[in-house]
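Novice: What follows is a structure written as structure tokens; I'll ask about it next.
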Amino acid sequence: NNDGSVDSSDASLVLAEYAKIQTGGAGEFTETQHKATDVNNDGVVDASDASKILAYYAMISTGKEPTWE
């Protein structure tokens with residue numbers, strides 16, 4: 001959401017974008033947003049990316065070393 005931090009709001013935006021596309025709507029993410037949210041680099045912004053974003057947020061919010069793996 002461009003606030004400088006990774007959190008549940010970011011995951012929610014990814015899920016909303018995914019829902020729009022899956023129901024036949026046009027995605028609203030810019031190319032830059034798409035690249036930033038496709039965290040598993042499979043070319044698709046979907047629930048898998050949102051899950052990884054939430055896992056990353058959980059790690060940083062509990063003081064653990066963050067990773068995208």
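Within each chain, counting starts at residue 1; across the structure tokens, chains are named A, B, ... in the order shown, with ligands numbered 1 upward in that order.
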Could you give me, as a ChimeraX atom specification, the residues within 10 Å of Ile21 (chain A), counting only C-alpha atoms and dropping anything in the same chain fewer than 6 positions from it?
Specialist: /A:15,27-28,45-46
Novice: Go ahead and save the residues from that selection, with N, CA, C and O atoms, as a PDB file, in the first residue's frame.
Specialist:
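selection-v7.pdb written:
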```
ATOM      1  N   LEU A  15      -4.948  -9.889  -2.248  1.00  0.00           N
ATOM      2  CA  LEU A  15      -6.140 -10.744  -2.377  1.00  0.00           C
ATOM      3  C   LEU A  15      -7.260 -10.042  -3.131  1.00  0.00           C
ATOM      4  O   LEU A  15      -7.968 -10.672  -3.924  1.00  0.00           O
ATOM      5  N   GLY A  27      -7.454  -6.186 -13.585  1.00  0.00           N
ATOM      6  CA  GLY A  27      -6.607  -5.859 -12.453  1.00  0.00           C
ATOM      7  C   GLY A  27      -6.274  -4.378 -12.463  1.00  0.00           C
ATOM      8  O   GLY A  27      -6.251  -3.747 -13.513  1.00  0.00           O
ATOM      9  N   GLU A  28      -6.031  -3.843 -11.291  1.00  0.00           N
ATOM     10  CA  GLU A  28      -5.762  -2.411 -11.172  1.00  0.00           C
ATOM     11  C   GLU A  28      -4.316  -2.105 -10.830  1.00  0.00           C
ATOM     12  O   GLU A  28      -3.918  -0.947 -10.820  1.00  0.00           O
ATOM     13  N   VAL A  45      -0.104 -12.666  -9.675  1.00  0.00           N
ATOM     14  CA  VAL A  45      -0.382 -12.164  -8.336  1.00  0.00           C
ATOM     15  C   VAL A  45      -1.604 -12.908  -7.838  1.00  0.00           C
ATOM     16  O   VAL A  45      -2.691 -12.796  -8.405  1.00  0.00           O
ATOM     17  N   ASP A  46      -1.408 -13.727  -6.785  1.00  0.00           N
ATOM     18  CA  ASP A  46      -2.500 -14.569  -6.314  1.00  0.00           C
ATOM     19  C   ASP A  46      -2.435 -14.807  -4.811  1.00  0.00           C
ATOM     20  O   ASP A  46      -1.642 -14.171  -4.101  1.00  0.00           O
TER      21      ASP A  46
END
```
Novice: Contacts of Ala50 (chain A) at 9 Å or less, counting only C-alpha atoms, minus same-chain residues fewer than 3 places along, as a count of residues only?
Specialist: 16
Novice: As an exercise, work out the distance from CA of Ser61 (chain A) to CA of Val6 (chain A) in Å and give it to one decimal place.
Specialist: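 CA of Val6 (chain A) lies 9.8 Å from CA of Ser61 (chain A).
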Novice: Output as a ChimeraX atom specification all residues of region 3-62 of chain A that backbone DSSP marks as helix (DSSP H, G or I).
Specialist: /A:8-22,31-37,47-61
Novice: Enter the distance from CA of Asp7 (chain A) to CA of Gly43 (chain A), in Å, rounded to one decimal.
Specialist: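 Rounded to one decimal, the two atoms are 21.6 Å apart.
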Novice: Compile the contact shell of Thr67 (chain A) as a PyMOL selection string: residues with an atom at most 8 Å away, counting only C-alpha atoms, same-chain residues fewer than 2 positions apart removed.
Specialist: chain A and resi 56+65+69
Novice: Between A:Ser48, A:Asn2, A:Ala36, A:Asp42, single out the one closest to Tyr18 (chain A), counting only C-alpha atoms.
Specialist: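 When distances to Tyr18 (chain A) are compared using only C-alpha atoms, the smallest one comes from A:Ser48.
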